[in-house]
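Just below is one structure, and these are the notes that go with it.
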Amino acid sequence: MNEIATIQNPTAEQPLSPWQLFWRRLKQRRIAMVGGVILVVLYLVALFAGFVAPYSYDRQDRDRFFHPPTCPRLSGFRLVIPRYEQLPGTFVYRAVLNDTKPIHFFVHGDKYKLFGLVPATIHLFGTGDENHPVYLLGTDQFGRDVLSRLLYGSQISLSIGVIGILLSFTFGMIIGGISGYFSGWTDTIIMRLCELIMSIPALYLIISLRATFPPGMSSSQVYAMIIIILSFIGWASMARVIRGMTLSLREQQYVLAARALGQTHLKVIVRHILPNTFSYVIVAATLSVPYYILGEVVLSFLGVGIQEPNASWGNMLTAAQNTEYLRNYPWLLAPGAAIFVTVLAFNFLGDGLRDAADTKS
Amino acid sequence: MNLLEIKNLKMDFGAGPEALRAVDGVSLTIGTGETVCLVGESGCGKTVTALSIARLVPTPPANYVGGEILLNGRDVLKMSNGELRDIRGGVVSYVFQEPGASLNPVFRVGNQIKESLKLHKPEKATNEEVIRLLKLVGIPAPESRIKNYPFELSGGMQQRVMIAMALASEPKLLVADEPTTALDVTIQAQILELLHDLKQRLGMAILLITHNLGIVGDMADRVAVMYAGQIVELSPAKELLRRPLHPYTKALMNAVPKLAGGANRLSAIPGNVPRIGNFPPGCRFAPRCPIAKSECSEKIPELVEIEPGCFVRCPFWKGK
Amino acid sequence: MWSYVFKRLLHMIPLLLGVSLLTFLLMSLAPGDYFTALSQNPQISQETIIHLKTQFHLDQPWYVQYFYWFKSVLHGDFGYSMAYKIPATSLIVQRLWNTFLLSFLALIIAWGIAIPLGIWAAVKKDSWIDRACSLIAFVGLSVPDVLLSLLALWFAAATGWFPVGGAQSALYDFMSPAQQFWDRAHHLILPAIVLAASDLAGIMRRMRSCLLDTLRAEYVTAARARGLGEGWVIYKHALRNAINPLLTIFGYSLAALLSGAFIVENIMAWPGLGRLTMEAFFAKDSYLVVDCVVMATGLLVIGNFIADLLLAWSDPRIRLK
């Protein structure tokens, strides 16, 4: 039976370390690399959101509510943007093809703070003319550039995903490791607690947790609150799995050896047991980030997360709930597409990581 | 006419330039009621050859590129699906190595046997017949056993059930692929004894695949030794045990620990079995052979009949 | 087997107790309550508010409130909804039924499509069908519920084929029973499809991989060696074993549906438990929120229990040990 299944690679090679082998296998999965590249681009753009975005997230253009996306054209070798004029009494805009302005790069524009620290005014692209705007994804119901808000929103939505995962998984790993290592009453209590938390459907628990915070908070407080809430949900499932792995890992010889050398319990857990769970944790983390991002999106969408005028992909979609707006101004769904691409990329990468770590296949 | 005639069978895994040859020109015949042992280490291609008799190797990835397998005169490799289903169980039955894995864990043992009966001998698909078969293979209290699930039986009993299932359709040829390797030594002896007994009672031919030379003596009429996808020796059993011809066979015999004689080091064959696709040029055993000469690595030796019924693939079989 | 069932049932009770306690505690930490808004209203006197508060025990510490709440729940009375001014029980039961309908239909749609597709993809491995299914699965897994619901709303509004939200039309009460049934079905179908869509992809992938794993098992080759036809081998022998791991994700499927229903209900205005929870949340009707959360947890726990039962029944190794 086994002969059918095993076909060995005939070329003899130098033995590789497990990490090198893992990296090699990962590179072979092209779709995972695509996902990885997309994510790197997304996070880089988010980091430099203030620079890439042509406008500030709360800049209102009161003459241009619901402006459709301005379509750049090629004139000679330059990209140009036509001016649009509004049909009176409506929110319909038509392009005036003769009246165009070229797009410049590295132009001066709205003030912003790069990384939240460094004040700057240079933006990646723009026309430099206030009356000749570049709205690559149109404007929303308050005349704010959708693309800019999308970019600023990506800072919040993407970072919450990663920070939330880091917190909850670190916490879950430690608790799970302690629980599995010590067994007995500690284990029972912790596992019962995990079971309790996992029995409540996620969104119901999120709302209950949200209720314990006052409704009016500053945006940074809201940001921290969302991270705390999401982490509270997530640590339990990770703790359970790590606990299961710990139960078997602690029977290994090297654990006994470490104890015989006088290592403390905590050191044994952190230095010997937990590192063996990394391959599972990395895969699980990558595949879980989308849920954290979606958690923030849902909270903000329902109005109890990130508040206006701050932009997050969730609260940008609230406008799209109005079917009239949806029909006439479909570019309001752009955040939905952004979320989709992000989740897709994480899933690609996570799938590839899982295959690369699975040495049986 | 022989019951089974494998003629120069060639089988690859994969296709095109990356194809790996697993079975390279294997020829074997089995007459009615005859027991033939196919001996070799893991990876030599014996299981795949045996599975090919009923075309049980999935194609893809396998690829038959040459030869014929004549079962009762008809080429298995050219049969339609319907004809294949008839011969599977009807003419040739299989017993596999891991009885626990070969029985479906969610169905009762009795039902699984009845399923075979319904297919090939529908008039006999009754509980009585199942009980009779279980008795035949030596299972005590068969009336209660038919309600058991496979996990409720010991390894030896599971193997007996597998044999009962194989016999249900009254095959002419029983292919047993290492039927005792996964069992305890005492149970091994019992199962082999059972097979011997059944063979005499039912007059069926057996192709017994094993890597254990020890059981060859009791069971086999003839023995074929396989190495790296080829048959390197084919002789009547008594001849082979008395006087092995091929260096590989000699080395295998030497590797079997003996109770008699002085306490010497166990002799192992140096090196490893070459993997598919990694075969050395020329004679495939040459890198490990104690009497290899330089011309051995140049050309693959032919399988030559040195006496009636005795074949060997080594021009230096007379040496040392 | 029955001892297994009994033990699991016994297990559920402290779990629900714990959940209700936890949620109650969380809600008690919430700043302000229903009456905070009322006390801003100059038309309502302070005495009225104090009187109402005492009536609902809102002036007591949280563990006393919990005690009263628990006592009434044991009598089947979920208290009184301050926001809706009707007994909470009837409100909850009605919304619960709606959520159940939605989830149940979504479950049938999702599993009814995913299982055959998964089997098909496994049997025709590496064919274009398989690749197309993989692609759809991957994309489907990545589309967030929020986006799908919004797209469905847009679809309904643009084509006019489906109603945009609600469980029944305005003229419901004037319809004949048959018309009422079709009206409700008409309102139910789009939210159910949206809800099913997110789960479908995962189930299909799981079915495909489970069946592929089973087809590699030795008893499948042994079955073929006995002369059983390919169809019989796949559908009777392989599938029966491949289904077992899927029963475990049946429980998770239910959990995902209940959580997902929360989003779908709120976006597509389906009057179920999820929507009620948000309404109660905004109204600061804490008792109602607790009731909803406990109900939803109850649904989830029962769903997992059923999944465990199914698994035990289908796998004789668990059943008989």
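Following the order of the structure tokens, chains are lettered A, B, ..., residues in each are numbered from 1, and ligands are numbered from 1.
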Next on the checklist: Using only C-alpha atoms, which protein or nucleic acid residues come within 12 Å of B:Thr59? Drop anything in the same chain fewer than 2 positions from it, and give the result as a list in words.
Outcome noted: Ile4 of chain A; Met11, Asp12, Phe13, Gly14, Ala15, Val48, Ser52, Arg55, Leu56, Val57, Pro61, Ala62, Asn63, Tyr64, Val65 and Leu77 of chain B
Checklist entry - Contacts of A:Met33 at 9 Å or less, counting only C-alpha atoms, minus same-chain residues fewer than 4 places along, as a list in words? => result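 Returned residues: Leu26, Lys27, Gln28, Arg29, Val37, Ile38, Phe348, Leu349 and Gly352 of chain A.
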Next on the checklist: Would you compute the distance between atom CA of B:Ile53 and atom CA of C:Gly229? Give it in Å to one decimal.
Outcome noted: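 That distance, rounded to one decimal, is 17.2 Å.
Nearest to chain A of all the residues C:Ala185, C:Ile13, C:Cys292, C:Ala312 is C:Cys292, based on only C-alpha atoms.
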Next on the checklist: Just list as a ChimeraX atom specification whatever in stretch 98-234 of chain C DSSP marks as alpha helix (DSSP H).
Outcome noted: /C:98-123,128-142,145-159,177-215,218-225,230-232
Rows by chain and residue number, chain B within 7 Å of chain A, shortest pair, only C-alpha atoms, as JSON lines:
```
{"residue": "B:Gly43", "atom": "CA", "partner": "A:Glu3", "partner_atom": "CA", "distance": 5.9}
{"residue": "B:Thr47", "atom": "CA", "partner": "A:Met1", "partner_atom": "CA", "distance": 6.9}
{"residue": "B:Gly277", "atom": "CA", "partner": "A:Pro10", "partner_atom": "CA", "distance": 6.4}
{"residue": "B:Asn278", "atom": "CA", "partner": "A:Pro10", "partner_atom": "CA", "distance": 5.8}
```
Item to check | B:Asp184, B:Glu233, B:Glu170, B:Asp86 ranked by distance to B:Leu28, top pick (using only C-alpha atoms) | outcome: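 Nearest to B:Leu28: B:Glu233.
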